[in-house]
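K.L.:
Input file: query14.tsv. Contents: TSV, C-alpha atoms.
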```tsv
chain	number	residue	atom	x	y	z
A	946	MET	CA	-120.49	27.52	133.30
A	947	SER	CA	-121.91	24.19	132.26
A	948	PHE	CA	-119.91	23.81	129.06
A	949	LEU	CA	-116.61	24.19	130.92
A	950	ARG	CA	-116.55	20.82	132.63
A	951	ARG	CA	-114.60	17.61	132.67
A	952	ARG	CA	-116.37	14.69	131.12
A	953	SER	CA	-117.16	11.82	133.46
A	954	ALA	CA	-116.82	9.09	130.83
A	955	THR	CA	-113.58	8.59	128.91
A	956	PRO	CA	-114.15	9.40	125.23
A	957	ALA	CA	-111.96	8.11	122.41
A	958	GLY	CA	-110.50	11.60	121.96
A	959	PRO	CA	-109.65	14.21	124.57
A	960	ASP	CA	-110.86	13.82	128.16
A	961	PHE	CA	-112.03	17.44	128.25
A	962	ASP	CA	-114.55	19.46	126.31
A	963	VAL	CA	-113.07	21.27	123.32
A	964	LEU	CA	-114.28	24.84	123.07
A	965	ALA	CA	-114.20	26.16	119.50
A	966	MET	CA	-116.42	27.22	116.61
A	967	ASP	CA	-118.75	24.58	115.23
A	968	PRO	CA	-117.47	23.36	111.84
A	969	GLY	CA	-120.97	23.92	110.43
A	970	ASP	CA	-120.66	27.63	111.27
A	971	TRP	CA	-117.40	27.98	109.30
A	972	PRO	CA	-117.52	28.39	105.51
A	973	GLY	CA	-114.02	27.03	104.82
A	974	ASN	CA	-112.14	23.81	105.55
A	975	LEU	CA	-111.54	22.53	109.08
A	976	GLY	CA	-108.72	20.32	110.33
A	977	ALA	CA	-108.22	19.02	113.86
A	978	GLY	CA	-105.09	17.77	115.55
A	979	LEU	CA	-104.60	15.92	118.84
A	980	LEU	CA	-101.41	16.24	120.89
A	981	PRO	CA	-100.81	12.75	122.33
A	982	ALA	CA	-98.68	12.02	125.36
A	983	PRO	CA	-96.52	8.86	125.47
A	984	ASP	CA	-99.11	7.22	127.76
A	985	GLY	CA	-101.88	7.82	125.19
A	986	THR	CA	-103.63	10.65	127.02
A	987	CYS	CA	-104.58	13.75	125.11
A	988	GLN	CA	-102.37	16.74	125.92
A	989	GLY	CA	-104.33	19.16	123.79
A	990	VAL	CA	-106.45	19.73	120.73
A	991	PHE	CA	-106.03	22.37	118.07
A	992	LEU	CA	-108.44	23.18	115.27
A	993	ARG	CA	-107.30	24.79	112.03
A	994	TYR	CA	-109.89	26.85	110.19
A	995	ASP	CA	-108.96	27.46	106.54
A	996	LEU	CA	-110.70	30.16	104.54
A	997	PHE	CA	-107.98	30.53	101.95
A	998	GLY	CA	-108.76	27.57	99.68
A	999	GLY	CA	-105.83	25.41	100.73
A	1000	ARG	CA	-103.35	28.29	100.86
A	1001	GLY	CA	-103.15	28.29	104.63
A	1002	PRO	CA	-105.33	28.74	107.68
A	1003	ALA	CA	-107.11	31.90	108.71
A	1004	MET	CA	-107.33	30.79	112.35
A	1005	ILE	CA	-106.11	28.17	114.82
A	1006	ILE	CA	-107.91	27.54	118.12
A	1007	GLY	CA	-106.08	25.46	120.71
A	1008	ASN	CA	-107.37	23.81	123.88
A	1009	LEU	CA	-104.51	22.75	126.17
A	1010	PRO	CA	-105.26	21.14	129.55
A	1011	GLU	CA	-103.25	21.77	132.69
A	1012	GLY	CA	-99.94	19.90	132.50
A	1013	SER	CA	-99.71	19.95	128.69
A	1014	PRO	CA	-96.08	20.51	127.65
A	1015	ALA	CA	-97.32	22.77	124.82
A	1016	ARG	CA	-98.32	25.31	127.50
A	1017	ASP	CA	-94.73	25.60	128.76
A	1018	VAL	CA	-93.45	28.36	126.50
A	1019	PRO	CA	-90.42	30.41	127.57
A	1020	GLU	CA	-91.13	34.10	128.19
A	1021	GLY	CA	-91.08	36.15	125.01
A	1022	GLU	CA	-91.75	33.15	122.76
A	1023	VAL	CA	-95.02	32.72	120.90
A	1024	PRO	CA	-97.79	30.34	122.03
A	1025	PHE	CA	-97.97	26.88	120.45
A	1026	GLU	CA	-100.93	27.90	118.26
A	1027	VAL	CA	-99.06	30.89	116.78
A	1028	ALA	CA	-96.11	28.59	115.96
A	1029	GLN	CA	-98.54	26.15	114.27
A	1030	LEU	CA	-100.11	29.01	112.30
A	1031	LEU	CA	-96.70	30.19	111.08
A	1032	LEU	CA	-95.71	26.63	110.18
A	1033	ALA	CA	-98.92	26.06	108.21
A	1034	LEU	CA	-98.44	29.34	106.36
A	1035	GLU	CA	-94.81	28.36	105.62
A	1036	ASN	CA	-93.75	31.63	107.22
A	1037	ASP	CA	-90.29	31.20	108.74
A	1038	GLU	CA	-89.89	34.76	110.04
A	1039	GLU	CA	-88.93	34.97	113.68
A	1040	VAL	CA	-91.92	36.22	115.66
A	1041	THR	CA	-91.75	37.23	119.31
A	1042	VAL	CA	-94.15	38.44	121.98
A	1043	VAL	CA	-93.80	42.19	122.50
A	1044	GLY	CA	-96.51	42.67	125.14
A	1045	THR	CA	-99.74	41.45	126.71
A	1046	GLU	CA	-102.93	43.13	127.87
A	1047	ASP	CA	-105.75	41.68	130.00
A	1048	VAL	CA	-109.23	42.65	128.80
A	1049	PRO	CA	-112.62	41.70	130.33
A	1050	VAL	CA	-115.01	40.20	127.76
A	1051	MET	CA	-118.57	38.93	128.22
A	1052	GLN	CA	-119.43	35.53	126.72
A	1053	GLY	CA	-123.17	35.25	127.23
A	1054	ASP	CA	-123.64	35.68	130.99
A	1055	ASN	CA	-120.03	34.78	131.77
A	1056	LEU	CA	-117.10	37.15	132.20
A	1057	LEU	CA	-113.81	36.08	130.61
A	1058	ILE	CA	-110.48	37.73	131.32
A	1059	VAL	CA	-108.88	37.60	127.87
A	1060	ARG	CA	-105.14	38.07	127.45
A	1061	ARG	CA	-104.41	39.87	124.18
A	1062	ILE	CA	-100.91	38.93	123.09
A	1063	LYS	CA	-99.12	41.54	120.99
A	1064	LEU	CA	-96.63	40.02	118.55
A	1065	SER	CA	-93.77	41.39	116.46
A	1066	GLU	CA	-95.70	40.19	113.36
A	1067	SER	CA	-98.65	42.60	113.19
A	1068	ARG	CA	-100.64	40.38	110.79
A	1069	ILE	CA	-101.17	37.83	113.59
A	1070	SER	CA	-103.84	38.42	116.23
A	1071	CYS	CA	-103.65	36.24	119.34
A	1072	VAL	CA	-105.76	35.94	122.48
A	1073	GLN	CA	-105.83	33.47	125.38
A	1074	PHE	CA	-108.17	32.73	128.26
A	1075	ASP	CA	-108.35	30.11	131.00
A	1076	ARG	CA	-111.50	28.05	131.39
A	1077	SER	CA	-112.95	26.99	134.74
A	1078	ASP	CA	-111.55	23.45	134.19
A	1079	ASN	CA	-107.99	24.84	133.75
A	1080	VAL	CA	-107.93	24.31	129.98
A	1081	LEU	CA	-106.11	27.16	128.23
A	1082	VAL	CA	-107.84	28.34	125.05
A	1083	THR	CA	-105.67	30.20	122.53
A	1084	ILE	CA	-106.94	31.76	119.32
A	1085	ALA	CA	-104.42	32.81	116.67
A	1086	ALA	CA	-105.68	34.48	113.49
A	1087	TRP	CA	-103.83	35.50	110.34
A	1088	ASP	CA	-104.48	38.87	108.77
A	1089	ARG	CA	-107.78	39.48	110.59
A	1090	PRO	CA	-108.49	41.02	113.99
A	1091	ILE	CA	-110.07	38.99	116.79
A	1092	THR	CA	-113.16	40.91	117.89
A	1093	ASP	CA	-115.36	40.36	120.94
A	1094	ASP	CA	-118.19	38.88	118.84
A	1095	LEU	CA	-115.98	35.85	118.11
A	1096	TYR	CA	-116.42	34.66	121.71
A	1097	ALA	CA	-120.18	34.29	121.13
A	1098	LEU	CA	-119.40	31.68	118.42
A	1099	LEU	CA	-117.35	29.47	120.77
A	1100	LYS	CA	-119.10	26.34	122.00
A	1101	PRO	CA	-118.14	22.83	123.10
A	1102	LEU	CA	-117.72	20.45	120.18
A	1103	PRO	CA	-119.08	16.87	120.37
A	1104	ALA	CA	-116.62	14.15	121.40
A	1105	GLU	CA	-117.52	12.20	118.23
A	1106	LEU	CA	-115.63	14.80	116.19
A	1107	PHE	CA	-112.38	13.54	117.72
A	1108	GLN	CA	-112.97	9.79	117.73
A	1109	GLN	CA	-110.59	7.69	115.70
A	1110	GLY	CA	-111.55	4.54	113.89
```
Show the structure stored in the file as structure tokens.
P.N.:
Amino acid sequence: MSFLRRRSATPAGPDFDVLAMDPGDWPGNLGAGLLPAPDGTCQGVFLRYDLFGGRGPAMIIGNLPEGSPARDVPEGEVPFEVAQLLLALENDEEVTVVGTEDVPVMQGDNLLIVRRIKLSESRISCVQFDRSDNVLVTIAAWDRPITDDLYALLKPLPAELFQQG
């Protein structure tokens, strides 16, 4: 899978390709956040897609590389992206994981094993899958199901999107 690779040169943003929906394909507002480590390396990227006119995001897509502390979530607790979604929506209800299910999904010619995470808050849909470069992709959506056709929209975003300066 050519888009699931480590970059050879060191970009100004993350040192891995960020797999998400192209901002040009999304009709609402887009925000991006980098998770920096104390040594300056990037420990993850999350993108916030807002369809609600500033009233909160419809979806958050996270890309967390191997070793990112945001991946270390105690059992039963929600993924980082779900916590960010709840925070952005100013929803302070306690949400827990109530179950998981592994589902095979085709993305073009590639087979993904997608983990559907069932949460105590039924308005949140959440899925995760591991890329071939050990980056964990998590998609959390508010009040809309995550269907298999979403995976066809995922593509690597250009490094320039994350450059600072």
K.L.:
Which one is closest to A:Cys987: A:Gly969, A:Asn974, A:Gln1052, A:Val963? Count all atoms listed in the file.
P.N.:
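Between A:Gly969, A:Asn974, A:Gln1052, A:Val963, the residue approaching A:Cys987 most closely is A:Val963.
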K.L.:
With a cut-off of 10 Å, could you pull out the residues of stretch 1033-1084 of chain A touching stretch 1006-1020 of chain A and give me the nearest pair of atoms for each, distance in Å to one decimal, using all atoms listed in the file, ordered by chain and ascending number, as CSV?
P.N.:
```
residue,atom,partner,partner_atom,distance
A:Thr1041,CA,A:Glu1020,CA,9.4
A:Val1042,CA,A:Glu1020,CA,8.2
A:Cys1071,CA,A:Ile1006,CA,9.8
A:Val1072,CA,A:Ile1006,CA,9.7
A:Gln1073,CA,A:Gly1007,CA,9.3
A:Phe1074,CA,A:Asn1008,CA,10.0
A:Asp1075,CA,A:Asn1008,CA,9.6
A:Arg1076,CA,A:Pro1010,CA,9.5
A:Asp1078,CA,A:Pro1010,CA,8.2
A:Asn1079,CA,A:Glu1011,CA,5.7
A:Val1080,CA,A:Pro1010,CA,4.2
A:Leu1081,CA,A:Leu1009,CA,5.1
A:Val1082,CA,A:Asn1008,CA,4.7
A:Thr1083,CA,A:Gly1007,CA,5.1
A:Ile1084,CA,A:Ile1006,CA,4.5
```
K.L.:
Between atom CA of A:Leu975 and atom CA of A:Gly989, measure the distance and give it in Å to one decimal.
P.N.:
16.7 Å
K.L.:
Hey, which of A:Met1004, A:Leu1056, A:Phe991, A:Ile1062 ends up closest to A:Val1043? Count all atoms listed in the file.
P.N.:
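Answer, going by the shortest atom-to-atom distance: A:Ile1062.
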K.L.:
So what do you get for atom CA of A:Tyr994 versus atom CA of A:Leu1031, distance-wise?
P.N.:
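Atom CA of A:Leu1031 lies 13.6 Å from atom CA of A:Tyr994.
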K.L.:
Atom CA of A:Ile1069 to atom CA of A:Ala1085: how many Å, to one decimal?
P.N.:
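These two atoms are separated by 6.7 Å.
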K.L.:
Point out the residue among A:Leu979, A:Phe1025, A:Leu1032, A:Leu992 with the least atom-to-atom distance to A:Met966, counting all atoms listed in the file.
P.N.:
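Selected residue with least distance to A:Met966: A:Leu992.
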K.L.:
Nearest residue to A:Arg1089 out of A:Leu1064, A:Val990, A:Gly1053, A:Ser1070, using all atoms listed in the file?
P.N.:
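Of all the options, A:Ser1070 lies closest to A:Arg1089.
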K.L.:
Find, counting all atoms listed in the file, the residue in A:Pro1090, A:Asp967, A:Glu1046, A:Asp960 that gets nearest to A:Pro981.
P.N.:
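Nearest candidate to A:Pro981 out of A:Pro1090, A:Asp967, A:Glu1046, A:Asp960: A:Asp960.
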K.L.:
With all atoms listed in the file as the counted atoms, please give the residues lying no more than 7 Å from A:Ile1058, apart from itself and same-chain residues fewer than 6 positions off, as a ChimeraX atom specification.
P.N.:
/A:1047-1050,1074
K.L.:
Edge lengths and centre, in Å to one decimal, as AutoDock Vina command-line options: that's what I need for the box along x, y and z that holds all listed atoms of stretch 1001-1007 of chain A plus 6 Å on each side.
P.N.:
```
--center_x -105.5 --center_y 28.7 --center_z 112.7 --size_x 16.8 --size_y 18.4 --size_z 28.1
```
